[in-house]
Structures are given as C-alpha cells and as structure tokens.
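K.L.:
Questions regarding the structure given below will be posed in turn.
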2 protein chains.
Amino acid sequence: MNTEPLYIQMRVGDNVAIVVNEGGLPAGSRFACGLSLLERVPQGHKLALVDIKAGAPVLRYGVRIGLALQDIRAGAWVHEQLLAMPAARSLDELPICNAVAPALPPLDGYSFEGYRNADGSVGTRNILAITTTVQCVAGVLEQALKRIKVELLPLYPNVDDVIALEHGYGCGVAIDAPDAIIPIRTLRNISLNPNFGGEVMVVSLGCEKLQPERLLPPGSIAITDQRDAELDVVRLQDDAHIGYQVMLDAILRSARTHLERLNLRRRETVPASELVVGVQCGGSDAFSGVTANPAVGFCTDLLVRAGATVLFSEVTEVRDAVDQLTGRAATPAIAEAIRREMAWYDAYLQRGSADRSANTTPGNKAGGLSNIVEKAMGSIIKSGTAPISGVLSPGEKLSSRGLIFAATPASDFICGTLQLAAGMNLHIFTTGRGTPYGLAACPVIKVATRNELARRWHDLMDVNAGRIASGEASIEEIGWEMFQLLLDVASGRKKTWAEQWGLHNALVLFNPAPIT
Amino acid sequence: MNTEPLYIQMRVGDNVAIVVNEGGLPAGSRFACGLSLLERVPQGHKLALVDIKAGAPVLRYGVRIGLALQDIRAGAWVHEQLLAMPAARSLDELPICNAVAPALPPLDGYSFEGYRNADGSVGTRNILAITTTVQCVAGVLEQALKRIKVELLPLYPNVDDVIALEHGYGCGVAIDAPDAIIPIRTLRNISLNPNFGGEVMVVSLGCEKLQPERLLPPGSIAITDQRDAELDVVRLQDDAHIGYQVMLDAILRSARTHLERLNLRRRETVPASELVVGVQCGGSDAFSGVTANPAVGFCTDLLVRAGATVLFSEVTEVRDAVDQLTGRAATPAIAEAIRREMAWYDAYLQRGSADRSANTTPGNKAGGLSNIVEKAMGSIIKSGTAPISGVLSPGEKLSSRGLIFAATPASDFICGTLQLAAGMNLHIFTTGRGTPYGLAACPVIKVATRNELARRWHDLMDVNAGRIASGEASIEEIGWEMFQLLLDVASGRKKTWAEQWGLHNALVLFNPAPIT
C-alpha cells in the first residue's frame, strides 16, 4: 500500500482531483507535485489543484460539475457547499452520432457453459421461476415453495433453485392507464428471462385485474419450449380447489411437471456472445468513477468485442452526460430514442415536483460526490467506449445485441428488475459505500471501489477494484479479471458471494401509473 | 338451503334486485312475487323488477348506479353493458353533518386479554418487528431472521413471532418531493404499531436516503417504553462489521435485547375499547354489500358503542358515496377533511390519466358488480351508522377513537399497510370471490360473502356471512359473531386461519412521489 499523499486527476485540464489515501489527508499533506493541502480532505473528496475564482467552472472528467460559489485556493477542500450545480443539459440540439468509435476488434475464442433455450437465449442458471399475477397469491405460494424445496427439489438435482416472482402489482391499480404498460411488460418479460428455461408457470388468484392471459397473451410463450404453448395457470379460486391443502397440492403438481423438464437440461459450451450482462452501480462514492466503473467499462468493451450484450441503465445517473450518449449512438434513430427516454423521465420527475438532483444520497455525498453531475460522469464510464447499438424503454425485452441503453430508474432494485426483464443473464454491480445486493434470478458479481471496503466486506465483494487506486492493478487488469470471472460464474464453476449466502433482494416494479 | 328462486332487493324503491341462488337461475324461473326471469341470470347479478325505460335511472341501495342504455323489461338481466355510469359526484356543495346519527347507546362489559403498551395502546400479539430503512438490507435481514427463529425465538416463549418490516422504499426515490411524506410516515408509524410492544429496532445500510434519524426522529419513540429513547440501529456499513457473519451477529445481538423485554410482557384484561379494527373488502362481489359488509357494519356499530376504534378506508370505493360521508361527519371540520382527501385522490388519479372507474376488476364484474358506483354502495356499508369522528391522511397515526375514515387506496395490501400505520391491532376482511389475504403484523379475520365460498374455502374463511343470503342467520347475528370472534382472536384464545397456515402478504407502500 502506498502511504504517500496521493490524488487522482481524471483528465488533463481538470482543476480538482480526489484524495486516494484511506482515512483522508490532514492539512499540510504535501503531494509529489509540490501542492500542499490547506485543510483536511476526506478520502475520495476533491481538492483544488489550482486557485479557482468565484463563478469559474469546477472541472472533473473534463466536464463542468459545478461553478465555484466563492474563491477557492489551491489545496482547499472542494465540497458540495462550494459548488452551484449546473442546469440540466437541454435536450434540444444534442450532438448526433458525432463520436461513434470505430468498431472494436473482435475478441474470439471465449466461451462458457450455459443452458441453451428454445428461443435462442442462453441461461447461466437453471431455475424454476413461478410467475404471479397478483400479490394476493404470495402467502400461499410462499408456503408451497417451502414444500417444493423440501419435497421436490432434491429429486431434480440439475435444477438450481425454485423461486417466486412476487410483486405488489396486479390489482388495485389503474391497469388501463397509459403508463401501466411498464409494470405489465416488465412482469411478462421477467417470466421469459433466459435463466428460467422457457418453463412458464403462473399462479393466479382469479378475480385480479392482471389476468394471466393479459400478462402472457397467446404467442408470448410460443417461442419457448413449453410443449403445448398453452399457459400453465394454477388459479386459487378454481372451483376444484376445495380448501387450502388442495391449492398447495395443485401448485406442487404443476411445479413437478416443469421441474422434470428443467432437470433434463445440461450445460453446453456456448460462445461468450451469449452473455447478457447488466451493469449497475449502487452506494456510489467518488472512487466509483475512478476504479470500479472504469474497469467495468473496459470489461464492457471486451464483452461487446466478443459479440455479447451489455445493458447500461439508470436514467438520472446518465442524464447529465446525454450529449455523450447521443454522440455515441450508432444511428440517428438510436440517438433520438435516447433523447426520448430522457425527455420522458424529465417529465415524469417534474409531474412529481422533482428533478434529477433528487438522485444523490447522503452516502454519495459522504463519499465525495458533490452532486448528480459528478455522479453521472462516474456512472456512465461503465458503458465503455463502444457505439450504442440499441435502446430499451423500461420493461422491454432485448431484440438485438451489443451495447444497449436500457432506460430505467437508478433505484438498484427497480433497475435490476428491469434488466432482468430485458433478458439479463449475469449482473455486475459496483459499490463504494457497500451494499449486500443480490437477485434470486441471476448471479450478481459485486465490485468494490476501494481496498478498505474489499477488506472489510471480504466475504461479500467478489472483485476488488480498489487496487486500481492503490496502484496494485491497472484498469485493464481488473477489467480482464471481471471478464474471466463472468465466464466462470456464467458456467456455474464459481458462485458469487450473494449466491453462497443466499442474499436476495425483492423484485421492485416501476409503476408510474396510479394505484386505485 | 332454500332452493326456491330468490332475489334480494336492498331498498324499497330499487328497480333491480340480485339473484341469491347458487349457480344462478335459468330463464323462466318464477319468484314468489310472480315475476319471471326472461333470461338466465347468474348468482349475484341483477334482474329488473319493473320495466325500465332507456335513459331512466337504475336504482340499487336507493342510489342511481347507472342510467339504462336501452329499454329493459321486468325480469331481464341488468348487466354492465346496459348501464351508463354516472359522473362522479361533484365535491362542491356537499351536504355537511346533515345525517349525523344520534349517539348510539354505550355497550359496556366487553373485554379482551391484551398487551398494554407504554404509549397507552394495546397489542393483540407480541411481535418483534425489525424496521428496515431500505430494501438493500432485506437479503441480510432475511438470513438473520432464519437464525433468530431457530436460535433465539425458542428461548422467549412469550414472544409470538419475529418479522421484518421489508419494503421497496428508502433509496432511489425523490425523498424531498411533496408526496414522499406518505411512504416515510407510513414506515415510521408501522414501526410503532401496538402489536410490536414499543420495541423499535432498525436495520439500516448506512448510505441510504431514508436515514434512521429521518425515519424515526428524536421524540418519535420517546412515547414507547424503549429504555433510553435512543434509536437502536444496526448499520450494515459500520466499520466494526468485518464481514457478513459479523453483520448477522450484530443483528442477533440487538434482537436478543428486544426479545428479552418483549418476553417479560403478559396479557391482561383490558376493555374492548382498546381494539383498533381495520375493515376492508377485497375480491368483492354483489353479495359483499348484501351479506358480509352489512354484518361488518353492524359489528362496527357494536365496536363504536363499546368505545373502540374502527378504521374504514378505500377512497375509490367510497368516492361515489361522499355525500353520505360528509353528511355523517361529526363536525364540519371532519366533513371538510373527507372532501379534501377525495379531492386529493381525484387529482392524483387524473395526473396519471385515470379515474375512479379504474377500480373495478374482472372478478368484481363476474360477481355481478356493474361499476364502481354499485361497488361503492356495497363497500361503504362496512362503516355502519355511527357519526364519523375523525379522518386520517395516508400513513397518519390515530390520535382519537371512534369511527375513523382512514383515506387509503383500495389496493388490499396498500390499504392494509396504511391501516397498520394508523395503529390497527385487528383486521376484518370480507371477500366474495375469495382471497387468502393475511398480514404478519396483525391477525386478519376473513369473512365470506357466500355459502359456496365458505364451504369451498372451509380452512381459509373465518366467518361465513353467506348464511344471511340463505336465510340461516341475520345480519345482526353474524355481526355479533364477528364481535365475539374479534375478542377471542384479540385475546389469543383463537387463531385466524391465516395465522394457522402462516399466510402473510407483503407490506406494500403507497408512494405517489417519483422514483429516481
């Protein structure tokens, strides 16, 4: 570990840099360049590299993250109270396709062991997921799951798990409101996630608004290998269900059919291009954009070069870099789709008397991120450098490969839920403050931005990108380490810590439509 | 069972009635009054008692539930396609306090065995509820709960259960938006529910927006018997938590302190006035307003006479009876509060391009309810006849007794969650189509509207109000049966079916503010 005072300046021309040293640095600390700190600066927080006049831009990532509210002297702590946040970039006259990188060289020869599905997708796990139409059935299904895990699952050793796709939607909602399409298609598409092997099984109450046929209309499961393409539904209100135990038995009977088919499946070698990796950050700090996210960005480029798909998301965390996104769009239509998603979200927030500045958390700020502009610049790095080749609205399912902007809220659970709906079969999640995030439907590889977090949460963090800040590893090395780990985890050769401990968060739906 | 053709006319002057007979009645069925059916009418559906001209009002409960879209002959099936739904009653010039019933005679001498709390409330169960500030901690807490149930709970036999107050809120939300107060105070007040004995224990991540001190600011738990009135918080990000197992241990250590205190508590005899009963209906049919809900209404009157508190809710299901509510308000200020809640909800729905008509479900309609007006007339009967003595906005906590309108969405889970926040210690839930609804925090007594449902779901329905339609019991008899059952369940002498099977639904928060 380097214990000399150390800062990281992201771009030549930035007039601030962040302190690397654990525990921060006291006043008087002298950097190799000769600059001394005028006051204590916490780890990850910004110091002024030069004198900054009141009203002058404060630059990080080569971007104005704010305007100085007073004169700031070189060596001072540049904290959030000293910065005026810039207004959001207008969505008019955005640059279009002006910064499309040349095609990256293909990366051949990488593969993993996956489960091929009838619809062409590939699973990284072999899970029976039981779809629910409505929260009403959750209690009964939970008890049925307990029995399935004890009585059935041991009989089907090739099946990894059985889970309920439980949620709060399905009734008591304005199901015909314009925005209701979002939660409905989210639930539909999650049921078709590659990790569920095309075995769609629905538990319905009977009288709910979200009828099974509305959730999964004819045709939506025909692409799977479900034998008769007829929806398998257990309706608790069915006349044949004389009492609670009969309901449980009906669920178990149906589950058995699907478990038998899932159990016949075997992993086979498939190219790395079958990976669909969702990238996300949560509990971010100032190192997120310096260590973990740049390494994810490098890994994103590797994946895209290998022909795989990467989903990046979190609208409010990329909003301030919208010009970078539209510039990188592969086609004008994709740039327009990016603009449209941003405009929709701006209007959505405004309807609720909020804006993008509502994104940052107390933890972000304690970690050195002064505002959403600075956070966004560190967040968007996860998308690497490839051209953006597609856009998904919230809850939509993938229909193309490459680097995809899947528009979602930044809420970790809502974003993860929507990425599952898009077809994610593997998840990378970076964190600076630390979160024990996990999903039952898909392995989550967690990446620490700092050595201290990686040490403290030694049995929760799968990758330590903090070594980039301490000079022990390069961005490229950590990016390659992630790439290899993705292939190992996808193949079932390795488990993530979240899988090892059984740490799963809830599905949380994005429902911008009203509740009734 | 009466097998003669039978209908129920709710009020003299109604020009429709509903068919009582199971399976419905075929064309030609002749009622005692001489009227014959012109066509088959399903059970619970309406028949015309007289010829109704196109454009004339169709009257049920003495209220216009619609206008006839064509001439309807006596003996015809009056289904939803024949009715134009009336516009919502304007909220201007509502009657104010013009129908306040004289005070009902006090009902003395009833008591139950409950747990007295330091803040004056009384619990019906003795539960350790672990508050969470954010979904991030849910996976770790779930694993901790498994250990608590195995390692600790058996040591504390007077404690009924340990549960997590898990939810999707807490971060990734516009926490300063005007409407964010609703989910925040809901979580705060649920933590203080009487069934949790004033033992507040919080599991927090650390960096989330909903910081523990924001959720439960100083003073909010001073009214409980927590020894030092200092918030007990386990923060997963605390420096002392070196790894996952240490986090689990910290949660267990904290839980043990609270379990020890809860275990010292004993039930004591308290007057029935300490009951706080939330009433709700879900999966309603045309019998809801004929059997179960009128019996609940009778029971509501008994409770109010005994000095207890009854919460009735579900804004969109009483909206069309707003004039009845403002008329029954005990004071003009209460009438104005009722009007204000309705206006707020009208605007909320309109913001999302919906209105009250979004409430009815396919199951409601299959059950004979043509529209929200008819549904509302059957729903509001649960409130009995007493003067309305208070109004709560969503998520607010009770501060008075009597009959309270707790404004909530009609969604079963959101309504139940908000009634828990209000301070509910016992729940009555009526259903016509059937739902296995349950809450971990509070016993739920489920009431079937029909004999057939009560027979079929013999081990899920706690009360059969269907006997009212078949003439086997009166509304008063079923109302008294409920009242006695409430006292038995409150005392722990009886368990509800949902408790017996461990059927619990999720807490679902009402968050009208945006997600970020």
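Order determines the names: the first chain of the structure tokens is A, the second B, and so forth; residues in each chain are numbered 1 upward, and ligands are numbered 1 upward as they are shown.
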As a PyMOL selection string, please: the residues near range 454-456 of chain A (cut-off 12 Å, only C-alpha atoms, same-chain neighbours under 2 positions excluded).

P.N.:
(chain A and resi 292+430-435+446-452+458-467) or (chain B and resi 236-247)

K.L.:
Using backbone DSSP assignments, extract all strand (DSSP E or B) residues from range 390-455 of chain B; output them as an MDAnalysis selection string.

P.N.:
chainID B and resid 390:392 402:406 426:431 439 444:448

K.L.:
Any idea which chain A residues end up within 6 Å of chain B if we count only C-alpha atoms, as a ChimeraX atom specification please?

P.N.:
/A:139,172,174,177,207,209,242-243,349,352-354,358-359,361-363,409-411,456-459,503-505,513-514,516

K.L.:
Generate a file of the selected residues that holds N, CA and C atoms, formatted as a PDB file, in the first residue's frame.

P.N.:
ATOM      1  N   GLY A 139     -48.783 -15.308  -0.211  1.00  0.00           N
ATOM      2  CA  GLY A 139     -48.703 -16.084   1.024  1.00  0.00           C
ATOM      3  C   GLY A 139     -48.815 -17.574   0.760  1.00  0.00           C
ATOM      4  N   GLY A 172     -55.845  -3.501  -7.821  1.00  0.00           N
ATOM      5  CA  GLY A 172     -55.807  -2.235  -7.096  1.00  0.00           C
ATOM      6  C   GLY A 172     -54.946  -1.218  -7.810  1.00  0.00           C
ATOM      7  N   ALA A 174     -54.501   1.164 -11.677  1.00  0.00           N
ATOM      8  CA  ALA A 174     -55.175   1.667 -12.875  1.00  0.00           C
ATOM      9  C   ALA A 174     -54.549   0.974 -14.075  1.00  0.00           C
ATOM     10  N   ALA A 177     -54.364   2.689 -17.485  1.00  0.00           N
ATOM     11  CA  ALA A 177     -53.684   3.990 -17.587  1.00  0.00           C
ATOM     12  C   ALA A 177     -52.507   3.847 -18.555  1.00  0.00           C
ATOM     13  N   CYS A 207     -59.687 -13.348  -9.733  1.00  0.00           N
ATOM     14  CA  CYS A 207     -60.503 -12.157  -9.961  1.00  0.00           C
ATOM     15  C   CYS A 207     -59.667 -10.910 -10.199  1.00  0.00           C
ATOM     16  N   LYS A 209     -57.092  -7.933 -11.678  1.00  0.00           N
ATOM     17  CA  LYS A 209     -57.079  -7.179 -12.932  1.00  0.00           C
ATOM     18  C   LYS A 209     -56.079  -7.750 -13.921  1.00  0.00           C
ATOM     19  N   ILE A 242     -60.842 -27.296  -3.235  1.00  0.00           N
ATOM     20  CA  ILE A 242     -61.639 -27.397  -2.009  1.00  0.00           C
ATOM     21  C   ILE A 242     -60.679 -27.280  -0.842  1.00  0.00           C
ATOM     22  N   GLY A 243     -60.410 -26.049  -0.461  1.00  0.00           N
ATOM     23  CA  GLY A 243     -59.565 -25.835   0.707  1.00  0.00           C
ATOM     24  C   GLY A 243     -58.113 -25.585   0.360  1.00  0.00           C
ATOM     25  N   LEU A 349     -40.440  13.126 -13.634  1.00  0.00           N
ATOM     26  CA  LEU A 349     -39.976  13.716 -12.379  1.00  0.00           C
ATOM     27  C   LEU A 349     -40.692  15.038 -12.098  1.00  0.00           C
ATOM     28  N   GLY A 352     -44.008  14.980 -10.514  1.00  0.00           N
ATOM     29  CA  GLY A 352     -43.963  14.758  -9.063  1.00  0.00           C
ATOM     30  C   GLY A 352     -43.157  15.809  -8.334  1.00  0.00           C
ATOM     31  N   SER A 353     -42.969  16.965  -8.988  1.00  0.00           N
ATOM     32  CA  SER A 353     -42.247  18.090  -8.376  1.00  0.00           C
ATOM     33  C   SER A 353     -40.832  17.714  -7.950  1.00  0.00           C
ATOM     34  N   ALA A 354     -40.155  16.946  -8.783  1.00  0.00           N
ATOM     35  CA  ALA A 354     -38.766  16.583  -8.502  1.00  0.00           C
ATOM     36  C   ALA A 354     -37.946  16.776  -9.772  1.00  0.00           C
ATOM     37  N   ALA A 358     -32.603  14.939  -7.254  1.00  0.00           N
ATOM     38  CA  ALA A 358     -33.108  14.078  -6.173  1.00  0.00           C
ATOM     39  C   ALA A 358     -32.331  12.771  -6.090  1.00  0.00           C
ATOM     40  N   ASN A 359     -31.466  12.521  -7.056  1.00  0.00           N
ATOM     41  CA  ASN A 359     -30.778  11.230  -7.097  1.00  0.00           C
ATOM     42  C   ASN A 359     -29.764  11.024  -5.976  1.00  0.00           C
ATOM     43  N   THR A 361     -27.478  10.641  -2.705  1.00  0.00           N
ATOM     44  CA  THR A 361     -27.842  10.216  -1.355  1.00  0.00           C
ATOM     45  C   THR A 361     -26.864  10.804  -0.345  1.00  0.00           C
ATOM     46  N   PRO A 362     -27.219  10.749   0.938  1.00  0.00           N
ATOM     47  CA  PRO A 362     -26.263  11.167   1.971  1.00  0.00           C
ATOM     48  C   PRO A 362     -24.945  10.396   1.844  1.00  0.00           C
ATOM     49  N   GLY A 363     -25.035   9.117   1.506  1.00  0.00           N
ATOM     50  CA  GLY A 363     -23.827   8.303   1.375  1.00  0.00           C
ATOM     51  C   GLY A 363     -22.974   8.733   0.195  1.00  0.00           C
ATOM     52  N   PRO A 409     -35.094   3.622 -13.950  1.00  0.00           N
ATOM     53  CA  PRO A 409     -34.715   4.433 -12.798  1.00  0.00           C
ATOM     54  C   PRO A 409     -33.383   3.937 -12.239  1.00  0.00           C
ATOM     55  N   ALA A 410     -32.758   4.758 -11.392  1.00  0.00           N
ATOM     56  CA  ALA A 410     -31.464   4.381 -10.820  1.00  0.00           C
ATOM     57  C   ALA A 410     -31.615   3.527  -9.566  1.00  0.00           C
ATOM     58  N   SER A 411     -32.815   3.495  -8.978  1.00  0.00           N
ATOM     59  CA  SER A 411     -33.057   2.629  -7.816  1.00  0.00           C
ATOM     60  C   SER A 411     -32.508   1.239  -8.104  1.00  0.00           C
ATOM     61  N   ARG A 456     -12.907  -5.116   4.399  1.00  0.00           N
ATOM     62  CA  ARG A 456     -13.906  -5.214   5.467  1.00  0.00           C
ATOM     63  C   ARG A 456     -15.016  -6.180   5.058  1.00  0.00           C
ATOM     64  N   TRP A 457     -15.482  -6.074   3.818  1.00  0.00           N
ATOM     65  CA  TRP A 457     -16.548  -6.962   3.327  1.00  0.00           C
ATOM     66  C   TRP A 457     -15.919  -8.077   2.484  1.00  0.00           C
ATOM     67  N   HIS A 458     -14.949  -8.751   3.084  1.00  0.00           N
ATOM     68  CA  HIS A 458     -14.159  -9.753   2.353  1.00  0.00           C
ATOM     69  C   HIS A 458     -15.021 -10.897   1.848  1.00  0.00           C
ATOM     70  N   ASP A 459     -16.149 -11.157   2.503  1.00  0.00           N
ATOM     71  CA  ASP A 459     -16.980 -12.280   2.072  1.00  0.00           C
ATOM     72  C   ASP A 459     -18.292 -11.811   1.440  1.00  0.00           C
ATOM     73  N   LEU A 503     -28.239 -14.373  -0.465  1.00  0.00           N
ATOM     74  CA  LEU A 503     -28.695 -12.986  -0.271  1.00  0.00           C
ATOM     75  C   LEU A 503     -29.461 -12.505  -1.503  1.00  0.00           C
ATOM     76  N   HIS A 504     -30.745 -12.334  -1.337  1.00  0.00           N
ATOM     77  CA  HIS A 504     -31.600 -11.950  -2.459  1.00  0.00           C
ATOM     78  C   HIS A 504     -32.442 -10.753  -2.087  1.00  0.00           C
ATOM     79  N   ASN A 505     -32.472  -9.790  -2.975  1.00  0.00           N
ATOM     80  CA  ASN A 505     -33.396  -8.684  -2.780  1.00  0.00           C
ATOM     81  C   ASN A 505     -34.690  -8.940  -3.544  1.00  0.00           C
ATOM     82  N   ALA A 513     -47.869   4.590 -13.200  1.00  0.00           N
ATOM     83  CA  ALA A 513     -49.326   4.792 -13.295  1.00  0.00           C
ATOM     84  C   ALA A 513     -49.936   4.777 -11.892  1.00  0.00           C
ATOM     85  N   PRO A 514     -51.165   5.278 -11.759  1.00  0.00           N
ATOM     86  CA  PRO A 514     -51.733   5.380 -10.411  1.00  0.00           C
ATOM     87  C   PRO A 514     -52.177   4.031  -9.832  1.00  0.00           C
ATOM     88  N   THR A 516     -55.232   2.384  -7.513  1.00  0.00           N
ATOM     89  CA  THR A 516     -56.627   2.749  -7.233  1.00  0.00           C
ATOM     90  C   THR A 516     -56.975   2.349  -5.814  1.00  0.00           C
TER      91      THR A 516
END

K.L.:
What's the 9 Å shell around Val12 in chain A, counting only C-alpha atoms, without same-chain residues fewer than 2 positions away, as a list in words?

P.N.:
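What passes the distance filter is Gln9, Met10, Asp14, Asn15, Tyr61 and Gly62 of chain A.
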
K.L.:
Using only N, CA and C atoms, please write the residues we just selected to a file, as a PDB file, in the first residue's frame.

P.N.:
ATOM      1  N   GLN A   9      -6.224  12.745 -10.622  1.00  0.00           N
ATOM      2  CA  GLN A   9      -6.843  13.736 -11.523  1.00  0.00           C
ATOM      3  C   GLN A   9      -7.353  12.936 -12.718  1.00  0.00           C
ATOM      4  N   MET A  10      -8.635  13.040 -13.032  1.00  0.00           N
ATOM      5  CA  MET A  10      -9.192  12.163 -14.068  1.00  0.00           C
ATOM      6  C   MET A  10      -8.747  12.559 -15.476  1.00  0.00           C
ATOM      7  N   ASP A  14      -8.502  19.114 -15.702  1.00  0.00           N
ATOM      8  CA  ASP A  14      -9.361  19.168 -14.508  1.00  0.00           C
ATOM      9  C   ASP A  14      -8.699  20.063 -13.472  1.00  0.00           C
ATOM     10  N   ASN A  15      -9.483  20.917 -12.808  1.00  0.00           N
ATOM     11  CA  ASN A  15      -8.902  21.758 -11.757  1.00  0.00           C
ATOM     12  C   ASN A  15      -9.155  21.209 -10.357  1.00  0.00           C
ATOM     13  N   TYR A  61     -13.480  14.988 -14.842  1.00  0.00           N
ATOM     14  CA  TYR A  61     -13.810  14.203 -16.041  1.00  0.00           C
ATOM     15  C   TYR A  61     -13.864  15.121 -17.269  1.00  0.00           C
ATOM     16  N   GLY A  62     -13.174  16.271 -17.212  1.00  0.00           N
ATOM     17  CA  GLY A  62     -13.233  17.212 -18.332  1.00  0.00           C
ATOM     18  C   GLY A  62     -14.586  17.890 -18.473  1.00  0.00           C
TER      19      GLY A  62
END

K.L.:
Check range 71-188 of chain B with DSSP on the backbone and list each residue it calls helix (DSSP H, G or I), as a short mmCIF file (atom, residue, chain, number, x, y, z; two decimals) with C-alpha atoms, in the first residue's frame.

P.N.:
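Written file, result15.cif:
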data_model
loop_
_atom_site.label_atom_id
_atom_site.label_comp_id
_atom_site.auth_asym_id
_atom_site.auth_seq_id
_atom_site.Cartn_x
_atom_site.Cartn_y
_atom_site.Cartn_z
CA GLU B 80 -72.89 -3.75 -17.05
CA GLN B 81 -73.35 -3.30 -20.81
CA LEU B 82 -76.86 -1.97 -20.21
CA GLN B 135 -34.54 -2.63 0.56
CA CYS B 136 -30.73 -3.01 0.42
CA VAL B 137 -30.69 -4.75 3.81
CA ALA B 138 -33.52 -7.21 3.07
CA GLY B 139 -31.36 -10.14 1.99
CA VAL B 140 -29.10 -9.99 5.04
CA LEU B 141 -32.05 -9.47 7.37
CA GLU B 142 -33.88 -12.45 5.88
CA GLN B 143 -30.93 -14.69 6.69
CA ALA B 144 -30.65 -13.14 10.16
CA LEU B 145 -34.36 -13.85 10.74
CA LYS B 146 -33.83 -17.51 9.92
CA ARG B 147 -31.16 -17.67 12.61
CA ILE B 148 -33.27 -15.69 15.10
CA LYS B 149 -36.19 -18.07 14.63
CA VAL B 150 -34.03 -21.11 15.22
CA GLU B 151 -31.54 -19.84 17.80
CA LEU B 152 -33.41 -17.19 19.79
CA LEU B 153 -37.19 -17.35 19.48
CA PRO B 154 -37.50 -20.70 21.33
CA LEU B 155 -35.80 -19.06 24.33
CA PRO B 178 -44.00 16.78 -1.62
CA ASP B 179 -45.73 13.37 -1.59
CA ALA B 180 -42.74 11.50 -0.13
CA ILE B 181 -44.12 12.22 3.31
CA ILE B 182 -46.67 9.45 2.71
CA PRO B 183 -44.31 6.46 2.48
CA ILE B 184 -41.99 7.91 5.13
CA ARG B 185 -44.63 8.41 7.78
CA THR B 186 -46.18 5.06 6.86
CA LEU B 187 -42.94 3.25 7.68
CA ARG B 188 -42.44 5.34 10.81
#

K.L.:
Which neighbours of Asn425 in chain B fall inside 12 Å, counting only C-alpha atoms, when residues of the same chain fewer than 6 positions from it are skipped, and could you give them as an mmCIF file with C-alpha atoms, in the first residue's frame?

P.N.:
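Dumped everything to result.cif:
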data_model
loop_
_atom_site.group_PDB
_atom_site.id
_atom_site.type_symbol
_atom_site.label_atom_id
_atom_site.label_comp_id
_atom_site.auth_asym_id
_atom_site.auth_seq_id
_atom_site.Cartn_x
_atom_site.Cartn_y
_atom_site.Cartn_z
ATOM 1 C CA GLY B 114 -54.198 -7.715 25.523
ATOM 2 C CA TYR B 115 -50.671 -6.387 25.922
ATOM 3 C CA ARG B 116 -50.614 -2.886 27.350
ATOM 4 C CA SER B 121 -52.087 1.489 23.057
ATOM 5 C CA VAL B 122 -52.798 -2.232 23.433
ATOM 6 C CA GLY B 123 -51.400 -5.073 21.364
ATOM 7 C CA THR B 124 -53.234 -8.224 20.395
ATOM 8 C CA ARG B 125 -49.963 -10.016 19.592
ATOM 9 C CA ASN B 126 -46.447 -9.778 21.000
ATOM 10 C CA ILE B 127 -44.179 -9.491 17.978
ATOM 11 C CA ILE B 190 -45.872 0.947 11.258
ATOM 12 C CA LEU B 192 -44.885 1.963 16.286
ATOM 13 C CA ASN B 193 -47.823 -0.414 15.726
ATOM 14 C CA PRO B 194 -49.301 -1.594 19.047
ATOM 15 C CA ASN B 195 -48.522 -5.240 18.251
ATOM 16 C CA PHE B 196 -44.781 -4.534 18.415
ATOM 17 C CA GLY B 197 -44.743 -3.501 22.070
ATOM 18 C CA ALA B 272 -62.985 -3.733 24.315
ATOM 19 C CA SER B 273 -62.474 -0.007 23.755
ATOM 20 C CA GLU B 274 -58.770 -0.751 23.202
ATOM 21 C CA LEU B 275 -59.487 -2.507 19.913
ATOM 22 C CA VAL B 276 -58.449 -0.714 16.732
ATOM 23 C CA VAL B 277 -60.137 -2.655 13.956
ATOM 24 C CA GLY B 278 -59.362 -2.022 10.301
ATOM 25 C CA VAL B 279 -62.187 -3.074 7.988
ATOM 26 C CA ALA B 308 -63.368 1.057 20.312
ATOM 27 C CA THR B 309 -61.932 2.433 17.097
ATOM 28 C CA VAL B 310 -62.872 1.300 13.605
ATOM 29 C CA LEU B 311 -60.885 2.348 10.543
ATOM 30 C CA LEU B 398 -54.503 7.600 15.069
ATOM 31 C CA GLY B 416 -53.719 -2.973 4.981
ATOM 32 C CA THR B 417 -50.244 -1.449 5.219
ATOM 33 C CA GLN B 419 -54.166 0.694 8.399
ATOM 34 C CA LEU B 439 -50.637 -9.920 7.404
ATOM 35 C CA ALA B 440 -47.673 -10.893 9.544
ATOM 36 C CA ALA B 441 -48.166 -7.914 11.846
ATOM 37 C CA CYS B 442 -51.802 -8.358 12.809
ATOM 38 C CA PRO B 443 -54.485 -11.074 12.823
ATOM 39 C CA VAL B 444 -56.855 -10.911 9.836
ATOM 40 C CA ILE B 445 -60.376 -12.290 10.220
ATOM 41 C CA LEU B 486 -62.715 -10.319 17.451
ATOM 42 C CA LEU B 487 -62.464 -10.506 21.245
ATOM 43 C CA VAL B 489 -58.730 -13.526 18.430
ATOM 44 C CA ALA B 490 -57.540 -10.320 20.104
ATOM 45 C CA SER B 491 -57.028 -12.312 23.304
#

K.L.:
Compare A:Leu259, A:Gly390, A:Pro105, A:Glu213 by their minimum atom-to-atom distance to Ile334 in chain A, counting only C-alpha atoms, and give me the closest one.

P.N.:
A:Gly390

K.L.:
For a quick check of understanding, using only C-alpha atoms, which of A:Gly423, A:Gly24, A:Gly307, A:Gly219 has the smallest distance to Trp77 in chain A?

P.N.:
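Distance minimum relative to Trp77 in chain A lands on A:Gly24.
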